[in-house]
Structures are given as C-alpha cells and as structure tokens.
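Trainee: Provided herewith: structure_14.txt, compact mmCIF, C-alpha atoms.
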```
# COMPACT_ATOMS: atom_id res chain seq x y z
CA MET A 95 3.14 -39.91 24.80
CA PHE A 96 3.27 -36.24 25.81
CA TRP A 97 6.67 -35.65 24.22
CA HIS A 98 5.61 -37.43 21.06
CA HIS A 99 2.62 -35.10 20.70
CA PHE A 100 4.78 -32.10 21.62
CA LYS A 101 7.47 -32.88 19.03
CA TYR A 102 4.91 -33.64 16.31
CA ASN A 103 2.97 -30.40 16.85
CA PHE A 104 6.13 -28.32 17.25
CA LEU A 105 7.28 -29.40 13.80
CA ILE A 106 3.82 -28.64 12.40
CA SER A 107 3.84 -25.19 13.99
CA ILE A 108 7.27 -24.14 12.70
CA ARG A 109 6.11 -25.11 9.19
CA ASN A 110 2.94 -23.06 9.53
CA LYS A 111 3.66 -20.22 7.09
CA SER A 112 0.54 -18.32 8.11
CA GLN A 113 1.63 -18.24 11.76
CA ILE A 114 5.15 -17.09 10.86
CA MET A 115 3.79 -14.46 8.48
CA TRP A 116 1.40 -12.85 10.97
CA SER A 117 3.72 -13.09 13.96
CA VAL A 118 7.02 -12.07 12.36
CA VAL A 119 6.73 -10.76 8.81
CA PHE A 120 3.62 -8.67 9.49
CA VAL A 121 5.11 -7.13 12.63
CA VAL A 122 8.43 -6.42 10.89
CA VAL A 123 6.76 -4.78 7.89
CA LEU A 124 4.23 -2.76 9.89
CA GLY A 125 6.82 -1.84 12.53
CA THR A 126 9.14 -0.57 9.79
CA MET A 127 6.30 1.49 8.31
CA PHE A 128 5.52 2.95 11.73
CA LYS A 129 9.17 3.87 12.24
CA LEU A 130 9.42 5.50 8.81
CA THR A 131 6.14 7.36 9.32
CA PHE A 132 6.64 8.55 12.89
CA GLY A 133 10.43 8.68 12.76
CA ASP A 134 11.69 10.79 15.62
CA ILE A 135 8.67 13.09 15.73
CA TYR A 136 8.35 12.99 19.50
CA ASN A 137 11.96 13.90 20.22
CA GLN A 138 12.05 16.58 17.54
CA ASP A 139 8.67 18.24 17.89
CA GLU A 140 6.78 17.18 21.02
CA LYS A 141 9.26 16.50 23.78
CA MET A 142 9.86 19.55 25.90
CA LYS A 143 13.29 21.06 25.27
CA ASN A 144 14.85 24.40 25.96
CA MET A 145 13.86 26.85 23.24
CA LYS A 146 16.15 29.33 21.58
CA VAL A 147 14.89 32.92 21.84
CA ALA A 148 16.29 36.37 21.15
CA VAL A 149 16.01 39.21 23.67
CA CYS A 150 16.45 42.86 22.69
CA ILE A 151 14.98 44.96 25.51
CA GLU A 152 15.86 48.65 25.54
CA ASP A 153 14.26 49.55 28.86
CA GLU A 154 16.83 48.82 31.57
CA GLN A 155 14.27 48.14 34.31
CA VAL A 156 12.27 45.74 32.11
CA GLU A 157 15.51 43.99 31.12
CA ALA A 158 16.59 43.60 34.76
CA ASN A 159 13.15 42.28 35.79
CA PHE A 160 12.99 39.88 32.86
CA LYS A 161 16.48 38.51 33.53
CA ALA A 162 15.52 37.85 37.15
CA TYR A 163 12.32 36.16 35.99
CA LEU A 164 14.17 33.92 33.49
CA GLU A 165 16.44 32.61 36.23
CA ASN A 166 13.46 30.81 37.80
CA ILE A 167 12.01 29.21 34.67
CA SER A 168 13.04 25.60 34.11
CA ILE A 169 11.74 22.40 32.58
CA VAL A 170 10.24 20.29 35.36
CA GLU A 171 11.35 16.98 33.81
CA SER A 172 15.06 17.80 33.67
CA GLY A 173 15.60 21.02 35.61
CA ASP A 174 17.20 22.63 32.54
CA LYS A 175 16.44 26.23 31.69
CA LEU A 176 13.32 26.57 29.59
CA LEU A 177 14.80 29.29 27.35
CA ASP A 178 18.16 29.44 25.61
CA VAL A 179 18.54 33.23 25.51
CA GLN A 180 20.59 35.33 23.10
CA TYR A 181 20.83 39.05 23.91
CA LEU A 182 20.98 40.95 20.60
CA ASP A 183 19.90 44.23 19.06
CA ARG A 184 16.50 44.41 17.35
CA THR A 185 17.81 44.02 13.79
CA GLU A 186 19.86 40.91 14.54
CA GLY A 187 17.01 39.39 16.56
CA GLU A 188 14.48 39.86 13.76
CA LYS A 189 16.94 38.33 11.28
CA LEU A 190 17.34 35.20 13.44
CA LEU A 191 13.57 34.98 13.88
CA GLU A 192 12.97 35.30 10.15
CA ASP A 193 15.57 32.57 9.44
CA GLY A 194 13.93 30.26 11.96
CA GLU A 195 16.98 30.09 14.23
CA VAL A 196 14.99 31.29 17.25
CA GLU A 197 11.41 30.56 18.28
CA GLY A 198 10.56 34.10 19.36
CA LEU A 199 11.84 37.59 19.98
CA PHE A 200 11.29 39.36 23.31
CA TYR A 201 11.43 43.16 23.18
CA SER A 202 10.18 46.13 25.16
CA GLU A 203 7.62 48.72 24.21
CA GLY A 204 7.66 51.50 26.75
CA SER A 205 7.72 49.71 30.08
CA GLU A 206 5.97 46.58 28.79
CA LEU A 207 7.46 43.27 27.67
CA LYS A 208 6.36 42.13 24.19
CA LEU A 209 6.80 38.97 22.12
CA LEU A 210 7.30 38.74 18.36
CA ILE A 211 6.71 35.39 16.61
CA THR A 212 6.38 34.26 13.00
CA LYS A 213 4.25 31.12 13.52
CA GLU A 214 1.85 29.65 16.02
CA ASP A 215 2.35 26.22 17.58
CA ILE A 216 2.90 24.78 21.05
CA LYS A 217 6.33 26.39 21.47
CA GLN A 218 5.01 29.84 20.65
CA SER A 219 2.11 29.27 23.04
CA ILE A 220 4.60 28.54 25.81
CA LEU A 221 6.52 31.73 25.02
CA ALA A 222 3.27 33.70 25.13
CA SER A 223 2.53 32.23 28.57
CA VAL A 224 6.00 33.35 29.70
CA VAL A 225 5.10 36.95 28.82
CA THR A 226 1.73 36.60 30.57
CA GLN A 227 3.28 35.23 33.76
CA TYR A 228 5.95 37.92 33.70
CA HIS A 229 3.31 40.65 33.62
CA GLN A 230 1.41 38.91 36.41
CA MET A 231 4.58 38.86 38.52
CA ILE A 232 5.23 42.58 37.88
CA THR A 233 1.62 43.42 38.71
CA ILE A 234 1.81 41.53 42.00
CA LEU A 235 5.09 43.18 42.97
CA SER A 236 3.70 46.64 42.14
CA THR A 237 0.57 46.00 44.17
CA VAL A 238 2.53 44.73 47.16
CA GLN A 239 4.94 47.66 46.97
CA HIS A 240 2.04 50.09 46.98
CA ASP A 241 -0.18 48.42 49.58
CA ASN A 242 2.22 46.45 51.81
CA PRO A 243 5.78 47.60 51.20
CA GLU A 244 6.98 45.70 54.28
CA LYS A 245 6.00 42.44 52.52
CA LEU A 246 7.89 43.28 49.32
CA GLN A 247 11.11 41.51 50.24
CA GLU A 248 9.21 38.39 51.30
CA VAL A 249 7.30 38.27 48.00
CA MET A 250 10.46 38.83 45.98
CA THR A 251 12.16 36.00 47.87
CA THR A 252 9.20 33.74 47.08
CA PHE A 253 9.42 34.54 43.38
CA ALA A 254 13.18 33.99 43.40
CA ALA A 255 12.70 30.56 44.97
CA GLY A 256 10.18 29.52 42.34
CA VAL A 257 7.04 27.79 43.57
CA GLY A 258 7.21 28.03 47.35
CA GLU A 259 5.80 25.01 49.12
CA ASN A 260 4.60 23.13 46.06
CA ALA A 261 6.77 20.55 44.32
CA GLU A 262 6.09 18.29 41.39
CA ILE A 263 7.05 14.64 41.82
CA ASN A 264 7.62 12.74 38.58
CA ASN A 265 6.82 9.02 38.89
CA SER A 266 7.74 8.33 35.29
CA LYS A 267 10.99 6.55 34.48
CA SER A 268 11.26 8.04 31.01
CA ASP A 269 9.84 10.61 28.64
CA MET A 270 6.63 9.13 27.29
CA ASP A 271 6.64 9.01 23.52
CA VAL A 272 2.96 9.02 22.48
CA TYR A 273 3.83 7.14 19.29
CA ALA A 274 5.28 4.21 21.25
CA GLN A 275 1.70 3.05 21.86
CA TYR A 276 1.52 1.88 18.24
CA PHE A 277 4.52 -0.40 18.77
CA TYR A 278 3.13 -1.70 22.08
CA ASN A 279 -0.14 -2.58 20.38
CA LEU A 280 1.69 -4.18 17.47
CA ILE A 281 3.51 -6.65 19.73
CA ALA A 282 0.30 -7.19 21.71
CA MET A 283 -1.54 -8.11 18.52
CA ALA A 284 1.28 -10.51 17.59
CA CYS A 285 0.81 -12.23 20.96
CA LEU A 286 -2.91 -12.68 20.33
CA MET A 287 -2.55 -13.89 16.72
CA CYS A 288 -1.94 -17.37 18.13
CA THR A 289 -5.69 -17.51 18.85
CA SER A 290 -6.29 -18.88 15.35
CA VAL A 291 -3.45 -21.39 15.73
CA SER A 292 -4.72 -22.88 19.00
CA MET A 293 -8.29 -22.89 17.65
CA LEU A 294 -7.15 -24.91 14.62
CA LEU A 295 -5.15 -27.39 16.76
CA THR A 296 -8.09 -27.91 19.12
CA THR A 297 -10.47 -28.41 16.21
CA LYS A 298 -8.12 -30.95 14.60
CA ASN A 299 -8.09 -32.95 17.83
CA GLN A 300 -11.88 -33.40 17.75
CA ALA A 301 -13.09 -36.67 16.32
CA ASN A 302 -16.19 -35.22 14.64
CA THR A 303 -14.30 -32.50 12.77
CA SER A 304 -11.00 -34.12 11.79
CA VAL A 305 -9.69 -37.46 10.55
CA VAL A 306 -6.66 -37.02 12.79
CA GLY A 307 -8.99 -36.37 15.70
CA ALA A 308 -10.94 -39.54 14.92
CA ARG A 309 -7.73 -41.59 14.93
CA LYS A 310 -6.70 -40.12 18.26
CA GLU A 311 -10.16 -40.86 19.66
CA VAL A 312 -10.05 -44.58 18.80
CA SER A 313 -6.38 -44.90 19.80
CA GLY A 314 -7.18 -44.46 23.46
CA ALA A 315 -4.66 -41.63 23.85
CA SER A 316 -5.48 -39.09 26.53
CA TYR A 317 -7.45 -36.16 25.07
CA PHE A 318 -6.13 -33.84 27.75
CA VAL A 319 -2.47 -34.84 27.27
CA GLY A 320 -2.74 -34.56 23.49
CA ASN A 321 -4.34 -31.12 23.65
CA LEU A 322 -1.90 -29.87 26.28
CA ALA A 323 1.13 -30.99 24.27
CA SER A 324 -0.27 -29.47 21.07
CA LEU A 325 -1.02 -26.14 22.67
CA LEU A 326 2.32 -25.90 24.50
CA ALA A 327 4.23 -26.67 21.29
CA ALA A 328 2.30 -24.02 19.35
CA ALA A 329 2.74 -21.55 22.22
CA LEU A 330 6.51 -22.08 22.22
CA VAL A 331 6.71 -21.36 18.49
CA GLN A 332 4.51 -18.28 18.88
CA ILE A 333 6.65 -16.97 21.75
CA LEU A 334 9.79 -17.41 19.64
CA CYS A 335 8.12 -15.55 16.76
CA VAL A 336 7.04 -12.65 19.00
CA LEU A 337 10.50 -12.46 20.58
CA ILE A 338 12.05 -12.23 17.10
CA SER A 339 9.63 -9.42 16.23
CA PHE A 340 10.33 -7.70 19.53
CA GLY A 341 14.07 -7.93 18.90
CA TYR A 342 13.62 -6.32 15.49
CA LEU A 343 11.66 -3.41 16.96
CA LEU A 344 14.42 -2.87 19.51
CA LEU A 345 16.95 -2.96 16.67
CA ILE A 346 15.21 -0.12 14.82
CA GLY A 347 15.16 2.02 17.95
CA THR A 348 11.78 1.40 19.60
CA ASN A 349 11.84 2.20 23.33
CA PHE A 350 10.21 -0.52 25.45
CA GLY A 351 12.13 0.34 28.61
CA GLY A 352 15.21 -1.32 30.02
CA GLU A 353 13.67 -4.20 32.01
CA ILE A 354 13.67 -6.88 29.32
CA TYR A 355 12.76 -9.73 31.66
CA LYS A 356 9.46 -8.02 32.50
CA ILE A 357 8.70 -7.60 28.81
CA VAL A 358 9.37 -11.32 28.22
CA ILE A 359 6.99 -12.18 31.06
CA VAL A 360 4.29 -10.03 29.46
CA ILE A 361 4.88 -11.72 26.08
CA PHE A 362 4.50 -15.15 27.72
CA ALA A 363 1.30 -14.03 29.42
CA GLY A 364 -0.10 -12.53 26.21
CA VAL A 365 0.63 -15.65 24.15
CA PHE A 366 -0.89 -18.00 26.71
CA THR A 367 -3.98 -15.81 26.90
CA GLY A 368 -4.33 -16.01 23.12
CA MET A 369 -3.81 -19.78 23.22
CA SER A 370 -6.49 -20.20 25.90
CA ILE A 371 -9.01 -18.12 23.93
CA GLY A 372 -8.31 -20.14 20.78
CA PHE A 373 -8.62 -23.38 22.75
CA CYS A 374 -12.02 -22.29 24.02
CA ILE A 375 -13.25 -21.30 20.55
CA GLY A 376 -11.98 -24.56 19.04
CA SER A 377 -13.73 -26.64 21.73
CA PHE A 378 -17.20 -25.76 20.41
CA GLY A 379 -17.50 -28.76 18.11
CA SER A 380 -20.86 -27.87 16.59
CA ILE A 381 -19.49 -24.72 14.92
CA SER A 382 -17.78 -24.99 11.54
CA GLU A 383 -14.04 -24.37 11.27
CA LYS A 384 -14.57 -21.29 9.07
CA VAL A 385 -16.82 -19.67 11.66
CA LYS A 386 -14.33 -20.47 14.41
CA ASP A 387 -11.52 -18.97 12.36
CA GLY A 388 -13.58 -15.82 11.82
CA ILE A 389 -14.21 -15.52 15.56
CA SER A 390 -10.51 -16.02 16.34
CA THR A 391 -9.46 -13.37 13.83
CA ALA A 392 -12.10 -10.98 15.17
CA VAL A 393 -10.74 -11.40 18.70
CA ALA A 394 -7.19 -10.50 17.65
CA VAL A 395 -7.96 -7.77 15.11
CA GLY A 396 -10.96 -6.34 16.96
CA GLY A 397 -9.04 -6.28 20.22
CA SER A 398 -6.16 -4.49 18.47
CA PHE A 399 -8.53 -1.87 17.07
CA LEU A 400 -10.09 -1.21 20.48
CA SER A 401 -6.63 -1.04 22.02
CA GLY A 402 -5.50 1.72 19.66
CA LEU A 403 -3.41 0.03 16.96
CA MET A 404 -5.33 1.77 14.18
CA ILE A 405 -6.53 4.88 16.05
CA ALA A 406 -4.46 5.72 19.12
CA ASP A 407 -7.09 7.92 20.79
CA ILE A 408 -9.73 5.17 20.87
CA HIS A 409 -8.10 3.53 23.90
CA MET A 410 -8.43 6.72 25.95
CA LEU A 411 -11.96 7.27 24.63
CA ILE A 412 -12.94 3.82 25.90
CA GLU A 413 -11.11 4.41 29.19
CA ASN A 414 -13.13 7.57 29.80
CA ASN A 415 -16.52 6.17 28.77
CA CYS A 416 -16.46 2.39 29.27
CA PRO A 417 -13.25 1.30 31.05
CA ILE A 418 -14.47 -2.27 31.56
CA ILE A 419 -13.68 -2.94 27.89
CA ASN A 420 -10.01 -2.13 28.48
CA ARG A 421 -10.02 -4.43 31.52
CA ILE A 422 -11.23 -7.47 29.55
CA ASN A 423 -9.55 -6.77 26.21
CA PRO A 424 -6.38 -8.92 26.26
CA VAL A 425 -4.66 -6.82 23.57
CA ALA A 426 -5.24 -3.66 25.60
CA LEU A 427 -3.95 -5.39 28.75
CA VAL A 428 -0.73 -6.52 27.05
CA ALA A 429 -0.15 -3.06 25.54
CA ASP A 430 -0.88 -1.42 28.89
CA ALA A 431 1.62 -3.74 30.57
CA PHE A 432 4.32 -2.58 28.13
CA TYR A 433 3.34 1.01 28.85
CA SER A 434 3.58 0.51 32.60
CA ILE A 435 7.03 -1.11 32.32
CA ASN A 436 8.37 1.85 30.38
CA THR A 437 6.64 4.54 32.43
CA PHE A 438 6.16 3.72 36.11
CA GLU A 439 8.68 3.00 38.84
CA THR A 440 6.24 0.74 40.72
CA ASN A 441 4.88 -2.59 39.46
CA ASP A 442 1.30 -2.10 40.67
CA ARG A 443 -0.19 -1.48 37.25
CA LEU A 444 1.91 -4.22 35.62
CA ILE A 445 0.79 -6.75 38.23
CA ARG A 446 -2.84 -5.71 37.71
CA ASP A 447 -2.52 -6.34 33.97
CA LEU A 448 -0.80 -9.71 34.44
CA VAL A 449 -3.40 -10.84 36.97
CA SER A 450 -6.18 -9.83 34.57
CA LEU A 451 -4.54 -11.84 31.76
CA ALA A 452 -4.20 -14.84 34.08
CA ILE A 453 -7.88 -14.67 35.05
CA ILE A 454 -8.96 -14.38 31.41
CA SER A 455 -6.77 -17.39 30.52
CA ALA A 456 -8.17 -19.46 33.39
CA VAL A 457 -11.77 -18.65 32.47
CA PHE A 458 -11.35 -19.62 28.81
CA ILE A 459 -9.42 -22.80 29.66
CA LEU A 460 -12.18 -23.81 32.06
CA ILE A 461 -14.90 -23.18 29.48
CA GLY A 462 -12.87 -24.99 26.81
CA ASN A 463 -12.41 -28.03 29.05
CA ILE A 464 -16.12 -28.15 29.82
CA PHE A 465 -17.12 -28.15 26.16
CA GLY A 466 -14.12 -30.07 24.86
CA ARG A 467 -13.98 -33.01 27.26
CA ARG A 468 -14.07 -36.51 25.78
CA LYS A 469 -17.37 -37.19 24.03
CA GLN A 470 -19.07 -40.39 22.95
CA TYR A 471 -19.84 -40.84 19.26
CA ALA A 472 -22.34 -43.16 17.59
CA SER A 473 -19.78 -43.92 14.88
CA LEU A 474 -16.43 -42.65 13.60
```
As structure tokens - that is how I would like this structure written.

Mentor:
Amino acid sequence: MFWHHFKYNFLISIRNKSQIMWSVVFVVVLGTMFKLTFGDIYNQDEKMKNMKVAVCIEDEQVEANFKAYLENISIVESGDKLLDVQYLDRTEGEKLLEDGEVEGLFYSEGSELKLLITKEDIKQSILASVVTQYHQMITILSTVQHDNPEKLQEVMTTFAAGVGENAEINNSKSDMDVYAQYFYNLIAMACLMCTSVSMLLTTKNQANTSVVGARKEVSGASYFVGNLASLLAAALVQILCVLISFGYLLLIGTNFGGEIYKIVIVIFAGVFTGMSIGFCIGSFGSISEKVKDGISTAVAVGGSFLSGLMIADIHMLIENNCPIINRINPVALVADAFYSINTFETNDRLIRDLVSLAIISAVFILIGNIFGRRKQYASL
C-alpha cells in the first residue's frame, strides 16, 4: 500500500508544472539575472588585491624610509605585498595616474611623504592610511632617537618584523563574496517552496476537503501511511528540482564551497523542513485551501525576504536587533548553513543550523499529526 501511494504521488508531483516552475525555472532565471547583475564585482572591485602605485620621491632619506616601510606591508589574507610599486619620475607617474594605470602617486615635499590621487574610493582610502601610518612610524622613531637613543635599534627591529607579538588567525576557508548571499538565499527559498506542495497533498488527503480524501477515508487505508508516502514522493521530486537548480548555479560559476555532500545534506534538511511546515498547515481542516495556500506562500516568500533575498542587509539588521527571528526562520537557517560550509573550517555553526531545522521539522510534524489524525464524520 505504501509503494502504491508513493508511486501515484510521485507521478503527480513530476507533472506539477507549478512545482517545477518555482523550484527550477524560477531559480534558473533569477540566478542568471543575479549573475549578470553582480557579475564578478567582488573579485574586481571589493576583494583585497595588491594595488599598483607610482613612487617618485626626490628626498633620499624619505625614499629610503618609505622603501623600508613598504617591505613590511602585506595583505593579511594571502601574505602578498599590498602595493605593486613602480619607481618613476614625476612626469611619468602623473601620466600613469591620469590614465588610470596606477591607483595613486607617492611623492615627497620637503621631508614629508605625500599622496596624489584622482578619485576617492576604498583603494584610495587605504593608500591614504599608508601615508598616515608612515608618518606615525617616522614620528615614533624620531621621538625614540631623541629621548631614548639606546632603544632605537629595538624599535627599528620591531617595525621591521611587522606587528610584534600580535598575529591574525584567519578561520575562513575562502574569500567571502558578499554577493554569494543572494545565491544562498535563492536555493534556500527553492527548498522551502515545497511548503505549498505538501500543504496541497495533505489537504487532498482530508475527507472533508477532497473527493479523493473521502474515498481514502472509506477505503480503510491507513491515513498515516498514505500521508507519509505522499509527502516522501513530493519531497523526492522537490529535492531533485533543487539539485538541478543548484547544479545550474555551479555551472554559471557560483561559489558554494567544495564540500558538495554537506550542501546536499542541507538541501535535504531544507526540503523536509518545508514539507513539514506544509503538512502542518494542510492539517488544519477548517481553513479553506486558498487561505492555506496564502499562508504557505507567505512562509516561503516572507522567510526569503527576512533572510536577505531581496535586501541583503536585512539579515544582519535582524541579527543585531532581534536574532531569534533568524534562529526560527527556516530560509535563514538554510542560507546560513550554506554560508558556514563555504566560510568556516569547523562544523559548529553548520550543525547548529541543521539541528534547528530538525527541531522545527519535528515541531510542525507533531502539530500536524495532532490536528490531522483520523477524524469521524457524520457523512461523506
């Protein structure tokens, strides 16, 4: 009996154009739009890279000090030098700056280091901080030389070694592309779109809302077995749809991290959470199907909005002001699980998200079973 129900509902689910559209076509179209819109913005504009600069310092002492200072500036993430330096005369340097081939021009004015730029953005701000830190270093060395000359060599050794006893430990496995959150939320929403599917299947199995449900009721078939087979069949189709969508996003270059098996586990967990929520909503027999469908859609779309699919910053805003919402929002939990896979070496955060999804699923299945258990009817 179980396999009969499973086969019957599997065939129904794969012919459900609405389910296929929202789980595959919608994700493919929106994912393509995201890729075309965001492109490679992070790698081109936001990811820290070494910056090309021109240096034309006439003062020999300033040039010697600045060269020594540059030797100790590196990008923490990779250890590469922060600045790609070209030593030129003033005319050549200004020409490169004007043509946009360098981000800034370092030069000397008297005994001071100066910076010439043509625009203001994050890269130019970093270059300005380089000049500021250089002057701070020179000021410290001058003060030490005047007040405690015996300590001068020790201070110079400290500067040459970079940051003495402090070290930065990077727990991230990869450079975090801020735009990847949109793709995480897109797959998370696809997982939760099965809420409407499971709600509809559960409603159709109820004798007072469906002719098919009435036939099942009088047939003596197990309500639990029928519902379980229906939901598992629909879940399998939804998982296949999400995996197809996920494969497409990988194909167009979206970075989800290298541990695919963990991502598949998260997709399974997300789909089953959506199925359990839909099962619970569908079990309230006194509510019309249209109202149930509206609630199911609100869960998926509303959860996606709060998770940051439409406005990326809203997730962090909620995290700072009311974090409990992110802990009970299944879309946010699925997206956060993807984030943790791609970002952290440890599985602590991933396990926390999966456990939260499991608890949410269990709660909704329990509530659905309480309200959806076999009922007695005056007539059918």

Trainee: Out of A:Leu326, A:Leu221, A:Ala406, A:Leu235, which residue has the shortest atom-to-atom distance to Gln275 of chain A when counting only C-alpha atoms?

Mentor: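 Nearest candidate to Gln275 of chain A out of A:Leu326, A:Leu221, A:Ala406, A:Leu235: A:Ala406.
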
Trainee: If I take atom CA of Val179 of chain A and atom CA of Val224 of chain A, how far is one from the other in Å, to one decimal?

Mentor: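 Separation of atom CA of Val179 of chain A and atom CA of Val224 of chain A: 13.2 Å.
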
Trainee: What is the distance, in Å and to one decimal place, between atom CA of Ser380 of chain A and atom CA of Phe465 of chain A?

Mentor: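 Taking atom CA of Ser380 of chain A as the start and atom CA of Phe465 of chain A as the end point, the length is 10.3 Å.
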
Trainee: Could you check how far atom CA of Asp442 of chain A sits from atom CA of Val428 of chain A, in Å to one decimal?

Mentor: 14.5 Å

Trainee: Taking 2 positions as the minimum chain separation for residues in the same chain, which residues sit within 8 Å of Thr212 of chain A when counting only C-alpha atoms? Answer as a list of chain:residue names.

Mentor: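 Close residues of Thr212 of chain A: A:Leu191, A:Glu192, A:Gly198, A:Leu210, A:Glu214.
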
Trainee: So, with only C-alpha atoms as the atoms that count, which of A:Ile459, A:Cys335, A:Leu207, A:Ile408 lies closest to Ser292 of chain A?

Mentor: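 Result for the nearest residue to Ser292 of chain A: A:Ile459.
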
Trainee: Check the smallest atom-to-atom distance from each of A:Gln332, A:Thr131, A:Thr226, A:Ser202 to Thr367 of chain A using all atoms listed in the file, then report the winner.

Mentor: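 With all atoms listed in the file as the atom set, the closest residue is A:Gln332.
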
Trainee: Using only C-alpha atoms, which of the listed residues (A:Val156, A:Leu176, A:Val122, A:Ile211) sits closest to Ile232 of chain A?

Mentor: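 Ranking A:Val156, A:Leu176, A:Val122, A:Ile211 by distance to Ile232 of chain A, first place goes to A:Val156.
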
Trainee: Under the rule that all atoms listed in the file are counted, which of A:Leu294, A:Ile464, A:Ile454, A:Leu400 is the nearest residue to Ile419 of chain A?

Mentor: A:Leu400

Trainee: Hey, which of A:Phe432, A:Trp97, A:Phe378, A:Tyr273 ends up closest to Gly351 of chain A? Count all atoms listed in the file.

Mentor: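 Closest candidate: A:Phe432.
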
Trainee: Using all atoms listed in the file, which protein or nucleic acid residues come within 8 Å of Leu286 of chain A? Drop anything in the same chain fewer than 4 positions from it, and give the result as a list in words.

Mentor: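 After dropping sequence-adjacent residues, the list is Ala282, Gly364, Val365, Thr367, Gly368, Met369, Ala394, Pro424 and Val425 of chain A.
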
Trainee: Using all atoms listed in the file, find each residue of segment 403-442 of chain A with at least one atom at most 10 Å away from an atom of segment 354-360 of chain A; report its shortest atom-to-atom pair and that distance in Å (one decimal), sort the rows by chain and rising residue number, and return the result as a Markdown table.

Mentor:
```
| residue | atom | partner | partner_atom | distance |
| --- | --- | --- | --- | --- |
| A:Leu427 | CA | A:Val360 | CA | 9.5 |
| A:Val428 | CA | A:Val360 | CA | 6.6 |
| A:Ala429 | CA | A:Val360 | CA | 9.1 |
| A:Ala431 | CA | A:Val360 | CA | 6.9 |
| A:Phe432 | CA | A:Ile357 | CA | 6.7 |
| A:Ile435 | CA | A:Lys356 | CA | 7.3 |
| A:Asn436 | CA | A:Ile357 | CA | 9.6 |
| A:Asn441 | CA | A:Lys356 | CA | 9.9 |
```

Trainee: Some atoms are absent from segment 282-297 of chain A, so rebuild N, CA and C atoms and return them as an mmCIF file, in the coordinates of the input.

Mentor:
```
data_model
loop_
_atom_site.group_PDB
_atom_site.id
_atom_site.type_symbol
_atom_site.label_atom_id
_atom_site.label_comp_id
_atom_site.auth_asym_id
_atom_site.auth_seq_id
_atom_site.Cartn_x
_atom_site.Cartn_y
_atom_site.Cartn_z
ATOM 1 N N ALA A 282 1.456 -6.588 21.041
ATOM 2 C CA ALA A 282 0.300 -7.190 21.710
ATOM 3 C C ALA A 282 -0.560 -7.964 20.728
ATOM 4 N N MET A 283 -0.766 -7.397 19.532
ATOM 5 C CA MET A 283 -1.540 -8.110 18.520
ATOM 6 C C MET A 283 -0.827 -9.383 18.091
ATOM 7 N N ALA A 284 0.504 -9.328 17.954
ATOM 8 C CA ALA A 284 1.280 -10.510 17.590
ATOM 9 C C ALA A 284 1.101 -11.622 18.620
ATOM 10 N N CYS A 285 1.040 -11.249 19.897
ATOM 11 C CA CYS A 285 0.810 -12.230 20.960
ATOM 12 C C CYS A 285 -0.542 -12.922 20.781
ATOM 13 N N LEU A 286 -1.542 -12.151 20.426
ATOM 14 C CA LEU A 286 -2.910 -12.680 20.330
ATOM 15 C C LEU A 286 -3.197 -13.355 19.000
ATOM 16 N N MET A 287 -2.304 -13.237 17.997
ATOM 17 C CA MET A 287 -2.550 -13.890 16.720
ATOM 18 C C MET A 287 -2.515 -15.405 16.831
ATOM 19 N N CYS A 288 -1.953 -15.920 17.938
ATOM 20 C CA CYS A 288 -1.940 -17.370 18.130
ATOM 21 C C CYS A 288 -3.324 -17.921 18.444
ATOM 22 N N THR A 289 -4.307 -17.056 18.605
ATOM 23 C CA THR A 289 -5.690 -17.510 18.850
ATOM 24 C C THR A 289 -6.159 -18.438 17.731
ATOM 25 N N SER A 290 -5.882 -18.054 16.492
ATOM 26 C CA SER A 290 -6.290 -18.880 15.350
ATOM 27 C C SER A 290 -5.531 -20.202 15.331
ATOM 28 N N VAL A 291 -4.260 -20.170 15.731
ATOM 29 C CA VAL A 291 -3.450 -21.390 15.730
ATOM 30 C C VAL A 291 -3.987 -22.400 16.742
ATOM 31 N N SER A 292 -4.223 -21.958 17.968
ATOM 32 C CA SER A 292 -4.720 -22.880 19.000
ATOM 33 C C SER A 292 -6.137 -23.344 18.682
ATOM 34 N N MET A 293 -6.947 -22.465 18.062
ATOM 35 C CA MET A 293 -8.290 -22.890 17.650
ATOM 36 C C MET A 293 -8.199 -24.033 16.644
ATOM 37 N N LEU A 294 -7.295 -23.895 15.658
ATOM 38 C CA LEU A 294 -7.150 -24.910 14.620
ATOM 39 C C LEU A 294 -6.652 -26.227 15.218
ATOM 40 N N LEU A 295 -5.668 -26.166 16.131
ATOM 41 C CA LEU A 295 -5.150 -27.390 16.760
ATOM 42 C C LEU A 295 -6.244 -28.089 17.567
ATOM 43 N N THR A 296 -7.018 -27.327 18.309
ATOM 44 C CA THR A 296 -8.090 -27.910 19.120
ATOM 45 C C THR A 296 -9.149 -28.549 18.237
ATOM 46 N N THR A 297 -9.482 -27.867 17.146
ATOM 47 C CA THR A 297 -10.470 -28.410 16.210
ATOM 48 C C THR A 297 -9.972 -29.706 15.587
#
```
